[in-house]
Amino acid sequence: KDFRHQQVMVTGAVEKPGIVDVMGQKTILDVLALAGGLKEDAGQLLFLIRPLDPDDRNPETKQDSGERSPDTLVIDLEEMLVKGNRKLNLPLRNGDVINIPVSGKIFVTGAVNRPGGFPLRGKRLTVSQAIAMAEGLKLEAEASETKIFRSGENGKREIHSINLNAIQKGDTKDLYLHENDIVVVPKNGVKSFFIELRDTVKGIFGIGFSLGTL
């Protein structure tokens, strides 16, 4: 039985999605390797959809198990791949389907150097890490008034106030972001005025001046 031919379907964020033909007993990691490994945008969860064994019948009703829904197992890829939890590397059966959804994104906008969306790639990302991915704050950023816009339960919008200065000093916790969070760093009006003035003077006269501590 261990040497019989088996087929496993692999879909989602892998390099070579499709049907994987194997001989003998294989595990999740074996089949992921045969599928070329994970893509960079792979999410953190793997869904293993397992059809019920056709020999598995209800002894009382003799009902064929095919009329029941397949089992779906959820595997935490970080727990299995990074932390090395071997218990999650399950043996596979003929007809199993592995699906790895694409990772979600977080968004950073406002007074940062490279605003945009950034894939989570199956990892947990903090506010300061997101700012670093956006290549840091602009000079006119009002870091202490940063906001996180988040979709809460029932689609309600949540707004969380974040003090980036306090996070950088270690005075407050660097919060983890959720999928589809939007981090907004506002501008400081005074700083923005002087920066625009500096750029104007530099453009007209070819000279600049220091903003000092602004």
# chains A, B, ... in the order shown; residues from 1 in each chain; ligands from 1
$ select_by_dssp --residues "segment 35-197 of chain A" --states "helix (DSSP H, G or I)" --output "PDB file with all heavy atoms, in the first residue's frame"
ATOM      1  N   SER A  65     -19.921   7.691   2.360  1.00  0.00           N
ATOM      2  CA  SER A  65     -19.313   8.886   2.918  1.00  0.00           C
ATOM      3  C   SER A  65     -19.143   9.986   1.888  1.00  0.00           C
ATOM      4  O   SER A  65     -18.922  11.135   2.232  1.00  0.00           O
ATOM      5  CB  SER A  65     -17.949   8.554   3.522  1.00  0.00           C
ATOM      6  OG  SER A  65     -17.087   8.054   2.517  1.00  0.00           O
ATOM      7  N   GLY A  66     -19.238   9.639   0.583  1.00  0.00           N
ATOM      8  CA  GLY A  66     -19.088  10.642  -0.444  1.00  0.00           C
ATOM      9  C   GLY A  66     -20.166  11.706  -0.401  1.00  0.00           C
ATOM     10  O   GLY A  66     -20.028  12.769  -0.978  1.00  0.00           O
ATOM     11  N   GLU A  67     -21.279  11.416   0.287  1.00  0.00           N
ATOM     12  CA  GLU A  67     -22.349  12.381   0.394  1.00  0.00           C
ATOM     13  C   GLU A  67     -22.061  13.410   1.481  1.00  0.00           C
ATOM     14  O   GLU A  67     -22.778  14.390   1.610  1.00  0.00           O
ATOM     15  CB  GLU A  67     -23.669  11.660   0.692  1.00  0.00           C
ATOM     16  CG  GLU A  67     -24.096  10.704  -0.427  1.00  0.00           C
ATOM     17  CD  GLU A  67     -25.387   9.989  -0.082  1.00  0.00           C
ATOM     18  OE1 GLU A  67     -26.028  10.375   0.913  1.00  0.00           O
ATOM     19  OE2 GLU A  67     -25.747   9.052  -0.811  1.00  0.00           O
ATOM     20  N   LEU A  77       1.840  27.659   8.410  1.00  0.00           N
ATOM     21  CA  LEU A  77       3.123  27.438   7.738  1.00  0.00           C
ATOM     22  C   LEU A  77       4.303  27.955   8.547  1.00  0.00           C
ATOM     23  O   LEU A  77       5.380  27.362   8.538  1.00  0.00           O
ATOM     24  CB  LEU A  77       3.105  28.102   6.356  1.00  0.00           C
ATOM     25  CG  LEU A  77       2.237  27.398   5.308  1.00  0.00           C
ATOM     26  CD1 LEU A  77       2.146  28.237   4.048  1.00  0.00           C
ATOM     27  CD2 LEU A  77       2.782  26.013   4.993  1.00  0.00           C
ATOM     28  N   GLU A  78       4.120  29.062   9.238  1.00  0.00           N
ATOM     29  CA  GLU A  78       5.212  29.583  10.065  1.00  0.00           C
ATOM     30  C   GLU A  78       5.551  28.602  11.186  1.00  0.00           C
ATOM     31  O   GLU A  78       6.720  28.356  11.485  1.00  0.00           O
ATOM     32  CB  GLU A  78       4.837  30.942  10.660  1.00  0.00           C
ATOM     33  CG  GLU A  78       5.955  31.549  11.509  1.00  0.00           C
ATOM     34  CD  GLU A  78       5.592  32.917  12.056  1.00  0.00           C
ATOM     35  OE1 GLU A  78       4.446  33.361  11.853  1.00  0.00           O
ATOM     36  OE2 GLU A  78       6.444  33.544  12.697  1.00  0.00           O
ATOM     37  N   GLU A  79       4.513  28.025  11.771  1.00  0.00           N
ATOM     38  CA  GLU A  79       4.728  27.058  12.844  1.00  0.00           C
ATOM     39  C   GLU A  79       5.459  25.823  12.319  1.00  0.00           C
ATOM     40  O   GLU A  79       6.334  25.270  12.982  1.00  0.00           O
ATOM     41  CB  GLU A  79       3.376  26.655  13.447  1.00  0.00           C
ATOM     42  CG  GLU A  79       3.462  25.770  14.667  1.00  0.00           C
ATOM     43  CD  GLU A  79       3.908  26.493  15.916  1.00  0.00           C
ATOM     44  OE1 GLU A  79       3.769  27.722  15.985  1.00  0.00           O
ATOM     45  OE2 GLU A  79       4.412  25.807  16.833  1.00  0.00           O
ATOM     46  N   MET A  80       5.118  25.400  11.120  1.00  0.00           N
ATOM     47  CA  MET A  80       5.719  24.184  10.551  1.00  0.00           C
ATOM     48  C   MET A  80       7.105  24.446   9.973  1.00  0.00           C
ATOM     49  O   MET A  80       8.054  23.692  10.229  1.00  0.00           O
ATOM     50  CB  MET A  80       4.807  23.601   9.477  1.00  0.00           C
ATOM     51  CG  MET A  80       5.343  22.320   8.840  1.00  0.00           C
ATOM     52  SD  MET A  80       4.172  21.539   7.701  1.00  0.00           S
ATOM     53  CE  MET A  80       4.090  22.775   6.377  1.00  0.00           C
ATOM     54  N   LEU A  81       7.261  25.541   9.199  1.00  0.00           N
ATOM     55  CA  LEU A  81       8.513  25.773   8.482  1.00  0.00           C
ATOM     56  C   LEU A  81       9.563  26.481   9.315  1.00  0.00           C
ATOM     57  O   LEU A  81      10.748  26.143   9.252  1.00  0.00           O
ATOM     58  CB  LEU A  81       8.226  26.592   7.221  1.00  0.00           C
ATOM     59  CG  LEU A  81       7.294  25.948   6.191  1.00  0.00           C
ATOM     60  CD1 LEU A  81       7.008  26.913   5.058  1.00  0.00           C
ATOM     61  CD2 LEU A  81       7.882  24.655   5.660  1.00  0.00           C
ATOM     62  N   VAL A  82       9.140  27.495  10.068  1.00  0.00           N
ATOM     63  CA  VAL A  82      10.097  28.301  10.828  1.00  0.00           C
ATOM     64  C   VAL A  82      10.370  27.700  12.203  1.00  0.00           C
ATOM     65  O   VAL A  82      11.522  27.560  12.621  1.00  0.00           O
ATOM     66  CB  VAL A  82       9.589  29.761  10.970  1.00  0.00           C
ATOM     67  CG1 VAL A  82      10.576  30.595  11.789  1.00  0.00           C
ATOM     68  CG2 VAL A  82       9.366  30.382   9.602  1.00  0.00           C
ATOM     69  N   ARG A  86       7.043  19.403  13.623  1.00  0.00           N
ATOM     70  CA  ARG A  86       6.930  18.253  12.718  1.00  0.00           C
ATOM     71  C   ARG A  86       5.546  17.617  12.750  1.00  0.00           C
ATOM     72  O   ARG A  86       5.158  16.925  11.805  1.00  0.00           O
ATOM     73  CB  ARG A  86       7.983  17.205  13.084  1.00  0.00           C
ATOM     74  CG  ARG A  86       9.419  17.684  12.880  1.00  0.00           C
ATOM     75  CD  ARG A  86      10.407  16.580  13.182  1.00  0.00           C
ATOM     76  NE  ARG A  86      11.793  17.017  12.979  1.00  0.00           N
ATOM     77  CZ  ARG A  86      12.842  16.238  13.163  1.00  0.00           C
ATOM     78  NH1 ARG A  86      12.672  14.963  13.549  1.00  0.00           N
ATOM     79  NH2 ARG A  86      14.066  16.716  12.957  1.00  0.00           N
ATOM     80  N   LYS A  87       4.802  17.856  13.805  1.00  0.00           N
ATOM     81  CA  LYS A  87       3.463  17.276  13.903  1.00  0.00           C
ATOM     82  C   LYS A  87       2.539  17.820  12.819  1.00  0.00           C
ATOM     83  O   LYS A  87       1.554  17.173  12.458  1.00  0.00           O
ATOM     84  CB  LYS A  87       2.867  17.559  15.279  1.00  0.00           C
ATOM     85  CG  LYS A  87       3.584  16.851  16.429  1.00  0.00           C
ATOM     86  CD  LYS A  87       2.926  17.168  17.758  1.00  0.00           C
ATOM     87  CE  LYS A  87       3.638  16.460  18.900  1.00  0.00           C
ATOM     88  NZ  LYS A  87       3.018  16.778  20.213  1.00  0.00           N
ATOM     89  N   LEU A  88       2.855  19.013  12.315  1.00  0.00           N
ATOM     90  CA  LEU A  88       2.014  19.619  11.283  1.00  0.00           C
ATOM     91  C   LEU A  88       2.344  19.104   9.887  1.00  0.00           C
ATOM     92  O   LEU A  88       1.565  19.315   8.948  1.00  0.00           O
ATOM     93  CB  LEU A  88       2.170  21.145  11.311  1.00  0.00           C
ATOM     94  CG  LEU A  88       1.747  21.837  12.613  1.00  0.00           C
ATOM     95  CD1 LEU A  88       1.989  23.343  12.513  1.00  0.00           C
ATOM     96  CD2 LEU A  88       0.282  21.561  12.920  1.00  0.00           C
ATOM     97  N   VAL A 127       4.149  48.046  13.168  1.00  0.00           N
ATOM     98  CA  VAL A 127       4.011  49.397  12.614  1.00  0.00           C
ATOM     99  C   VAL A 127       5.370  49.927  12.158  1.00  0.00           C
ATOM    100  O   VAL A 127       5.510  50.455  11.051  1.00  0.00           O
ATOM    101  CB  VAL A 127       3.392  50.349  13.653  1.00  0.00           C
ATOM    102  CG1 VAL A 127       3.343  51.778  13.108  1.00  0.00           C
ATOM    103  CG2 VAL A 127       1.989  49.891  14.037  1.00  0.00           C
ATOM    104  N   SER A 128       6.387  49.806  13.004  1.00  0.00           N
ATOM    105  CA  SER A 128       7.713  50.336  12.644  1.00  0.00           C
ATOM    106  C   SER A 128       8.299  49.598  11.452  1.00  0.00           C
ATOM    107  O   SER A 128       8.996  50.198  10.614  1.00  0.00           O
ATOM    108  CB  SER A 128       8.663  50.247  13.845  1.00  0.00           C
ATOM    109  OG  SER A 128       8.858  48.913  14.251  1.00  0.00           O
ATOM    110  N   GLN A 129       8.042  48.305  11.328  1.00  0.00           N
ATOM    111  CA  GLN A 129       8.508  47.557  10.157  1.00  0.00           C
ATOM    112  C   GLN A 129       7.821  48.038   8.888  1.00  0.00           C
ATOM    113  O   GLN A 129       8.442  48.126   7.825  1.00  0.00           O
ATOM    114  CB  GLN A 129       8.270  46.066  10.372  1.00  0.00           C
ATOM    115  CG  GLN A 129       9.193  45.433  11.398  1.00  0.00           C
ATOM    116  CD  GLN A 129       8.808  44.001  11.725  1.00  0.00           C
ATOM    117  OE1 GLN A 129       7.638  43.613  11.625  1.00  0.00           O
ATOM    118  NE2 GLN A 129       9.784  43.200  12.130  1.00  0.00           N
ATOM    119  N   ALA A 130       6.541  48.356   9.004  1.00  0.00           N
ATOM    120  CA  ALA A 130       5.800  48.883   7.852  1.00  0.00           C
ATOM    121  C   ALA A 130       6.356  50.236   7.421  1.00  0.00           C
ATOM    122  O   ALA A 130       6.498  50.508   6.222  1.00  0.00           O
ATOM    123  CB  ALA A 130       4.315  49.000   8.194  1.00  0.00           C
ATOM    124  N   ILE A 131       6.688  51.089   8.391  1.00  0.00           N
ATOM    125  CA  ILE A 131       7.270  52.390   8.070  1.00  0.00           C
ATOM    126  C   ILE A 131       8.629  52.205   7.385  1.00  0.00           C
ATOM    127  O   ILE A 131       8.964  52.918   6.434  1.00  0.00           O
ATOM    128  CB  ILE A 131       7.432  53.244   9.345  1.00  0.00           C
ATOM    129  CG1 ILE A 131       6.058  53.563   9.947  1.00  0.00           C
ATOM    130  CG2 ILE A 131       8.196  54.529   9.049  1.00  0.00           C
ATOM    131  CD1 ILE A 131       5.158  54.373   9.060  1.00  0.00           C
ATOM    132  N   ALA A 132       9.397  51.237   7.846  1.00  0.00           N
ATOM    133  CA  ALA A 132      10.695  50.955   7.221  1.00  0.00           C
ATOM    134  C   ALA A 132      10.513  50.487   5.778  1.00  0.00           C
ATOM    135  O   ALA A 132      11.290  50.863   4.888  1.00  0.00           O
ATOM    136  CB  ALA A 132      11.451  49.906   8.034  1.00  0.00           C
ATOM    137  N   MET A 133       9.491  49.668   5.524  1.00  0.00           N
ATOM    138  CA  MET A 133       9.214  49.217   4.161  1.00  0.00           C
ATOM    139  C   MET A 133       8.809  50.386   3.263  1.00  0.00           C
ATOM    140  O   MET A 133       9.040  50.356   2.051  1.00  0.00           O
ATOM    141  CB  MET A 133       8.124  48.146   4.173  1.00  0.00           C
ATOM    142  CG  MET A 133       8.548  46.860   4.867  1.00  0.00           C
ATOM    143  SD  MET A 133       7.224  45.628   4.964  1.00  0.00           S
ATOM    144  CE  MET A 133       7.158  45.084   3.261  1.00  0.00           C
ATOM    145  N   ALA A 143       4.845  62.320  13.383  1.00  0.00           N
ATOM    146  CA  ALA A 143       4.897  60.908  13.752  1.00  0.00           C
ATOM    147  C   ALA A 143       4.021  60.570  14.950  1.00  0.00           C
ATOM    148  O   ALA A 143       3.501  59.461  15.058  1.00  0.00           O
ATOM    149  CB  ALA A 143       6.338  60.501  14.024  1.00  0.00           C
ATOM    150  N   SER A 144       3.856  61.530  15.867  1.00  0.00           N
ATOM    151  CA  SER A 144       3.090  61.264  17.087  1.00  0.00           C
ATOM    152  C   SER A 144       1.587  61.180  16.846  1.00  0.00           C
ATOM    153  O   SER A 144       0.836  60.776  17.730  1.00  0.00           O
ATOM    154  CB  SER A 144       3.368  62.349  18.131  1.00  0.00           C
ATOM    155  OG  SER A 144       2.970  63.617  17.648  1.00  0.00           O
ATOM    156  N   GLU A 145       1.144  61.540  15.632  1.00  0.00           N
ATOM    157  CA  GLU A 145      -0.291  61.545  15.323  1.00  0.00           C
ATOM    158  C   GLU A 145      -0.656  60.495  14.273  1.00  0.00           C
ATOM    159  O   GLU A 145      -1.665  60.615  13.588  1.00  0.00           O
ATOM    160  CB  GLU A 145      -0.703  62.938  14.820  1.00  0.00           C
ATOM    161  CG  GLU A 145      -0.501  64.048  15.830  1.00  0.00           C
ATOM    162  CD  GLU A 145      -1.383  63.896  17.053  1.00  0.00           C
ATOM    163  OE1 GLU A 145      -2.485  63.312  16.919  1.00  0.00           O
ATOM    164  OE2 GLU A 145      -0.971  64.335  18.147  1.00  0.00           O
ATOM    165  N   GLU A 153     -15.036  44.047  13.212  1.00  0.00           N
ATOM    166  CA  GLU A 153     -16.138  43.097  13.066  1.00  0.00           C
ATOM    167  C   GLU A 153     -17.339  43.774  12.419  1.00  0.00           C
ATOM    168  O   GLU A 153     -17.597  44.955  12.625  1.00  0.00           O
ATOM    169  CB  GLU A 153     -16.524  42.529  14.439  1.00  0.00           C
ATOM    170  CG  GLU A 153     -15.422  41.694  15.085  1.00  0.00           C
ATOM    171  CD  GLU A 153     -15.862  41.119  16.413  1.00  0.00           C
ATOM    172  OE1 GLU A 153     -17.029  41.343  16.781  1.00  0.00           O
ATOM    173  OE2 GLU A 153     -15.051  40.451  17.068  1.00  0.00           O
ATOM    174  N   ASN A 154     -18.067  42.999  11.626  1.00  0.00           N
ATOM    175  CA  ASN A 154     -19.264  43.482  10.928  1.00  0.00           C
ATOM    176  C   ASN A 154     -18.956  44.646   9.989  1.00  0.00           C
ATOM    177  O   ASN A 154     -19.827  45.463   9.689  1.00  0.00           O
ATOM    178  CB  ASN A 154     -20.336  43.898  11.940  1.00  0.00           C
ATOM    179  CG  ASN A 154     -20.744  42.760  12.856  1.00  0.00           C
ATOM    180  OD1 ASN A 154     -20.868  41.620  12.408  1.00  0.00           O
ATOM    181  ND2 ASN A 154     -20.948  43.060  14.128  1.00  0.00           N
ATOM    182  N   GLY A 155     -17.684  44.727   9.537  1.00  0.00           N
ATOM    183  CA  GLY A 155     -17.320  45.757   8.581  1.00  0.00           C
ATOM    184  C   GLY A 155     -17.163  47.147   9.154  1.00  0.00           C
ATOM    185  O   GLY A 155     -17.002  48.115   8.407  1.00  0.00           O
ATOM    186  N   LEU A 164       4.508  57.153  16.832  1.00  0.00           N
ATOM    187  CA  LEU A 164       5.714  56.517  16.307  1.00  0.00           C
ATOM    188  C   LEU A 164       6.966  56.936  17.070  1.00  0.00           C
ATOM    189  O   LEU A 164       7.906  56.152  17.216  1.00  0.00           O
ATOM    190  CB  LEU A 164       5.876  56.842  14.821  1.00  0.00           C
ATOM    191  CG  LEU A 164       4.933  56.129  13.851  1.00  0.00           C
ATOM    192  CD1 LEU A 164       5.139  56.655  12.437  1.00  0.00           C
ATOM    193  CD2 LEU A 164       5.144  54.624  13.896  1.00  0.00           C
ATOM    194  N   ASN A 165       6.983  58.160  17.550  1.00  0.00           N
ATOM    195  CA  ASN A 165       8.144  58.622  18.325  1.00  0.00           C
ATOM    196  C   ASN A 165       8.310  57.783  19.590  1.00  0.00           C
ATOM    197  O   ASN A 165       9.421  57.388  19.947  1.00  0.00           O
ATOM    198  CB  ASN A 165       7.978  60.098  18.692  1.00  0.00           C
ATOM    199  CG  ASN A 165       8.063  61.013  17.479  1.00  0.00           C
ATOM    200  OD1 ASN A 165       8.747  60.694  16.512  1.00  0.00           O
ATOM    201  ND2 ASN A 165       7.372  62.128  17.531  1.00  0.00           N
ATOM    202  N   ALA A 166       7.194  57.509  20.250  1.00  0.00           N
ATOM    203  CA  ALA A 166       7.236  56.714  21.476  1.00  0.00           C
ATOM    204  C   ALA A 166       7.655  55.273  21.181  1.00  0.00           C
ATOM    205  O   ALA A 166       8.373  54.653  21.974  1.00  0.00           O
ATOM    206  CB  ALA A 166       5.877  56.745  22.174  1.00  0.00           C
ATOM    207  N   ILE A 167       7.221  54.741  20.026  1.00  0.00           N
ATOM    208  CA  ILE A 167       7.616  53.389  19.632  1.00  0.00           C
ATOM    209  C   ILE A 167       9.117  53.321  19.391  1.00  0.00           C
ATOM    210  O   ILE A 167       9.807  52.404  19.846  1.00  0.00           O
ATOM    211  CB  ILE A 167       6.841  52.947  18.375  1.00  0.00           C
ATOM    212  CG1 ILE A 167       5.363  52.734  18.709  1.00  0.00           C
ATOM    213  CG2 ILE A 167       7.443  51.658  17.794  1.00  0.00           C
ATOM    214  CD1 ILE A 167       4.508  52.387  17.513  1.00  0.00           C
ATOM    215  N   GLN A 168       9.648  54.319  18.692  1.00  0.00           N
ATOM    216  CA  GLN A 168      11.081  54.347  18.395  1.00  0.00           C
ATOM    217  C   GLN A 168      11.925  54.477  19.659  1.00  0.00           C
ATOM    218  O   GLN A 168      13.038  53.958  19.729  1.00  0.00           O
ATOM    219  CB  GLN A 168      11.378  55.498  17.428  1.00  0.00           C
ATOM    220  CG  GLN A 168      10.814  55.268  16.033  1.00  0.00           C
ATOM    221  CD  GLN A 168      10.928  56.492  15.138  1.00  0.00           C
ATOM    222  OE1 GLN A 168      11.342  57.561  15.579  1.00  0.00           O
ATOM    223  NE2 GLN A 168      10.556  56.338  13.878  1.00  0.00           N
ATOM    224  N   LYS A 169      11.399  55.152  20.664  1.00  0.00           N
ATOM    225  CA  LYS A 169      12.117  55.309  21.927  1.00  0.00           C
ATOM    226  C   LYS A 169      11.937  54.108  22.854  1.00  0.00           C
ATOM    227  O   LYS A 169      12.597  54.006  23.885  1.00  0.00           O
ATOM    228  CB  LYS A 169      11.628  56.566  22.648  1.00  0.00           C
ATOM    229  CG  LYS A 169      11.974  57.862  21.941  1.00  0.00           C
ATOM    230  CD  LYS A 169      11.377  59.049  22.677  1.00  0.00           C
ATOM    231  CE  LYS A 169      11.658  60.361  21.960  1.00  0.00           C
ATOM    232  NZ  LYS A 169      11.021  61.505  22.659  1.00  0.00           N
ATOM    233  N   GLY A 189       1.939  70.893   9.870  1.00  0.00           N
ATOM    234  CA  GLY A 189       1.723  72.086   9.066  1.00  0.00           C
ATOM    235  C   GLY A 189       2.905  73.040   9.060  1.00  0.00           C
ATOM    236  O   GLY A 189       3.300  73.560   8.009  1.00  0.00           O
ATOM    237  N   VAL A 190       3.518  73.272  10.222  1.00  0.00           N
ATOM    238  CA  VAL A 190       4.647  74.193  10.307  1.00  0.00           C
ATOM    239  C   VAL A 190       5.850  73.644   9.554  1.00  0.00           C
ATOM    240  O   VAL A 190       6.490  74.338   8.758  1.00  0.00           O
ATOM    241  CB  VAL A 190       5.008  74.470  11.784  1.00  0.00           C
ATOM    242  CG1 VAL A 190       6.258  75.343  11.869  1.00  0.00           C
ATOM    243  CG2 VAL A 190       3.847  75.127  12.497  1.00  0.00           C
ATOM    244  N   LYS A 191       6.157  72.364   9.784  1.00  0.00           N
ATOM    245  CA  LYS A 191       7.284  71.751   9.090  1.00  0.00           C
ATOM    246  C   LYS A 191       7.066  71.768   7.584  1.00  0.00           C
ATOM    247  O   LYS A 191       7.977  72.061   6.809  1.00  0.00           O
ATOM    248  CB  LYS A 191       7.478  70.309   9.572  1.00  0.00           C
ATOM    249  CG  LYS A 191       8.015  70.175  10.983  1.00  0.00           C
ATOM    250  CD  LYS A 191       8.212  68.704  11.313  1.00  0.00           C
ATOM    251  CE  LYS A 191       8.735  68.493  12.729  1.00  0.00           C
ATOM    252  NZ  LYS A 191       8.922  67.074  13.043  1.00  0.00           N
ATOM    253  N   SER A 192       5.843  71.443   7.173  1.00  0.00           N
ATOM    254  CA  SER A 192       5.541  71.393   5.752  1.00  0.00           C
ATOM    255  C   SER A 192       5.738  72.764   5.110  1.00  0.00           C
ATOM    256  O   SER A 192       6.280  72.873   4.007  1.00  0.00           O
ATOM    257  CB  SER A 192       4.098  70.911   5.552  1.00  0.00           C
ATOM    258  OG  SER A 192       3.795  70.809   4.188  1.00  0.00           O
ATOM    259  N   PHE A 193       5.325  73.846   5.807  1.00  0.00           N
ATOM    260  CA  PHE A 193       5.474  75.209   5.280  1.00  0.00           C
ATOM    261  C   PHE A 193       6.948  75.546   5.050  1.00  0.00           C
ATOM    262  O   PHE A 193       7.341  76.048   4.001  1.00  0.00           O
ATOM    263  CB  PHE A 193       4.843  76.219   6.239  1.00  0.00           C
ATOM    264  CG  PHE A 193       5.172  77.645   5.914  1.00  0.00           C
ATOM    265  CD1 PHE A 193       4.532  78.298   4.877  1.00  0.00           C
ATOM    266  CD2 PHE A 193       6.151  78.316   6.629  1.00  0.00           C
ATOM    267  CE1 PHE A 193       4.847  79.615   4.565  1.00  0.00           C
ATOM    268  CE2 PHE A 193       6.463  79.626   6.328  1.00  0.00           C
ATOM    269  CZ  PHE A 193       5.807  80.277   5.290  1.00  0.00           C
ATOM    270  N   PHE A 194       7.800  75.254   6.042  1.00  0.00           N
ATOM    271  CA  PHE A 194       9.209  75.608   5.922  1.00  0.00           C
ATOM    272  C   PHE A 194       9.929  74.748   4.887  1.00  0.00           C
ATOM    273  O   PHE A 194      10.852  75.211   4.215  1.00  0.00           O
ATOM    274  CB  PHE A 194       9.906  75.504   7.283  1.00  0.00           C
ATOM    275  CG  PHE A 194       9.688  76.714   8.144  1.00  0.00           C
ATOM    276  CD1 PHE A 194       8.774  76.682   9.178  1.00  0.00           C
ATOM    277  CD2 PHE A 194      10.390  77.892   7.905  1.00  0.00           C
ATOM    278  CE1 PHE A 194       8.569  77.797   9.967  1.00  0.00           C
ATOM    279  CE2 PHE A 194      10.184  79.010   8.695  1.00  0.00           C
ATOM    280  CZ  PHE A 194       9.265  78.974   9.730  1.00  0.00           C
ATOM    281  N   ILE A 195       9.508  73.505   4.759  1.00  0.00           N
ATOM    282  CA  ILE A 195      10.117  72.647   3.738  1.00  0.00           C
ATOM    283  C   ILE A 195       9.769  73.156   2.345  1.00  0.00           C
ATOM    284  O   ILE A 195      10.620  73.219   1.454  1.00  0.00           O
ATOM    285  CB  ILE A 195       9.664  71.183   3.927  1.00  0.00           C
ATOM    286  CG1 ILE A 195      10.334  70.597   5.173  1.00  0.00           C
ATOM    287  CG2 ILE A 195      10.003  70.341   2.703  1.00  0.00           C
ATOM    288  CD1 ILE A 195       9.789  69.252   5.581  1.00  0.00           C
ATOM    289  N   GLU A 196       8.502  73.545   2.147  1.00  0.00           N
ATOM    290  CA  GLU A 196       8.107  74.098   0.864  1.00  0.00           C
ATOM    291  C   GLU A 196       8.834  75.415   0.592  1.00  0.00           C
ATOM    292  O   GLU A 196       9.245  75.698  -0.536  1.00  0.00           O
ATOM    293  CB  GLU A 196       6.590  74.296   0.835  1.00  0.00           C
ATOM    294  CG  GLU A 196       5.815  72.978   0.814  1.00  0.00           C
ATOM    295  CD  GLU A 196       4.325  73.187   0.915  1.00  0.00           C
ATOM    296  OE1 GLU A 196       3.889  74.368   0.955  1.00  0.00           O
ATOM    297  OE2 GLU A 196       3.587  72.187   0.952  1.00  0.00           O
ATOM    298  N   LEU A 197       9.022  76.242   1.638  1.00  0.00           N
ATOM    299  CA  LEU A 197       9.751  77.501   1.488  1.00  0.00           C
ATOM    300  C   LEU A 197      11.206  77.244   1.117  1.00  0.00           C
ATOM    301  O   LEU A 197      11.769  77.891   0.225  1.00  0.00           O
ATOM    302  CB  LEU A 197       9.667  78.295   2.791  1.00  0.00           C
ATOM    303  CG  LEU A 197      10.464  79.617   2.833  1.00  0.00           C
ATOM    304  CD1 LEU A 197       9.952  80.578   1.766  1.00  0.00           C
ATOM    305  CD2 LEU A 197      10.387  80.244   4.221  1.00  0.00           C
TER     306      LEU A 197
END
$ closest_atom_pairs --of "segment 66-163 of chain A" --to "segment 10-33 of chain A" --cutoff "10 Å" --atoms "only C-alpha atoms" --output "JSON lines"
{"residue": "A:Ile75", "atom": "CA", "partner": "A:Ile28", "partner_atom": "CA", "distance": 9.8}
{"residue": "A:Met80", "atom": "CA", "partner": "A:Leu29", "partner_atom": "CA", "distance": 9.3}
{"residue": "A:Leu81", "atom": "CA", "partner": "A:Leu29", "partner_atom": "CA", "distance": 8.9}
{"residue": "A:Arg86", "atom": "CA", "partner": "A:Leu29", "partner_atom": "CA", "distance": 9.9}
{"residue": "A:Leu88", "atom": "CA", "partner": "A:Ile28", "partner_atom": "CA", "distance": 8.5}
{"residue": "A:Asn89", "atom": "CA", "partner": "A:Ile28", "partner_atom": "CA", "distance": 5.5}
{"residue": "A:Leu90", "atom": "CA", "partner": "A:Thr27", "partner_atom": "CA", "distance": 5.5}
{"residue": "A:Pro91", "atom": "CA", "partner": "A:Thr27", "partner_atom": "CA", "distance": 4.2}
{"residue": "A:Leu92", "atom": "CA", "partner": "A:Thr27", "partner_atom": "CA", "distance": 5.4}
{"residue": "A:Arg93", "atom": "CA", "partner": "A:Gln25", "partner_atom": "CA", "distance": 7.8}
{"residue": "A:Asn94", "atom": "CA", "partner": "A:Val22", "partner_atom": "CA", "distance": 9.1}
{"residue": "A:Gly95", "atom": "CA", "partner": "A:Ile19", "partner_atom": "CA", "distance": 9.6}
{"residue": "A:Asp96", "atom": "CA", "partner": "A:Val10", "partner_atom": "CA", "distance": 8.6}
{"residue": "A:Val97", "atom": "CA", "partner": "A:Val10", "partner_atom": "CA", "distance": 5.9}
{"residue": "A:Ile98", "atom": "CA", "partner": "A:Val10", "partner_atom": "CA", "distance": 4.7}
{"residue": "A:Asn99", "atom": "CA", "partner": "A:Thr11", "partner_atom": "CA", "distance": 4.8}
{"residue": "A:Ile100", "atom": "CA", "partner": "A:Gly12", "partner_atom": "CA", "distance": 4.8}
{"residue": "A:Pro101", "atom": "CA", "partner": "A:Gly12", "partner_atom": "CA", "distance": 5.3}
{"residue": "A:Val102", "atom": "CA", "partner": "A:Ala13", "partner_atom": "CA", "distance": 5.6}
{"residue": "A:Ser103", "atom": "CA", "partner": "A:Ala13", "partner_atom": "CA", "distance": 8.5}
$ closest_residue --among "A:Arg50, A:Arg114, A:Lys138, A:Arg157" --to "Asp181 of chain A" --atoms "only C-alpha atoms"
A:Arg157
$ residues_around --residues "Val184 of chain A" --least-positions-apart "3" --cutoff "9 Å" --atoms "only C-alpha atoms" --output "PyMOL selection string"
chain A and resi 107-112+145-149
$ atom_distance --atom1 "atom CA of Ala134 of chain A" --atom2 "atom CA of Lys105 of chain A"
13.0 Å
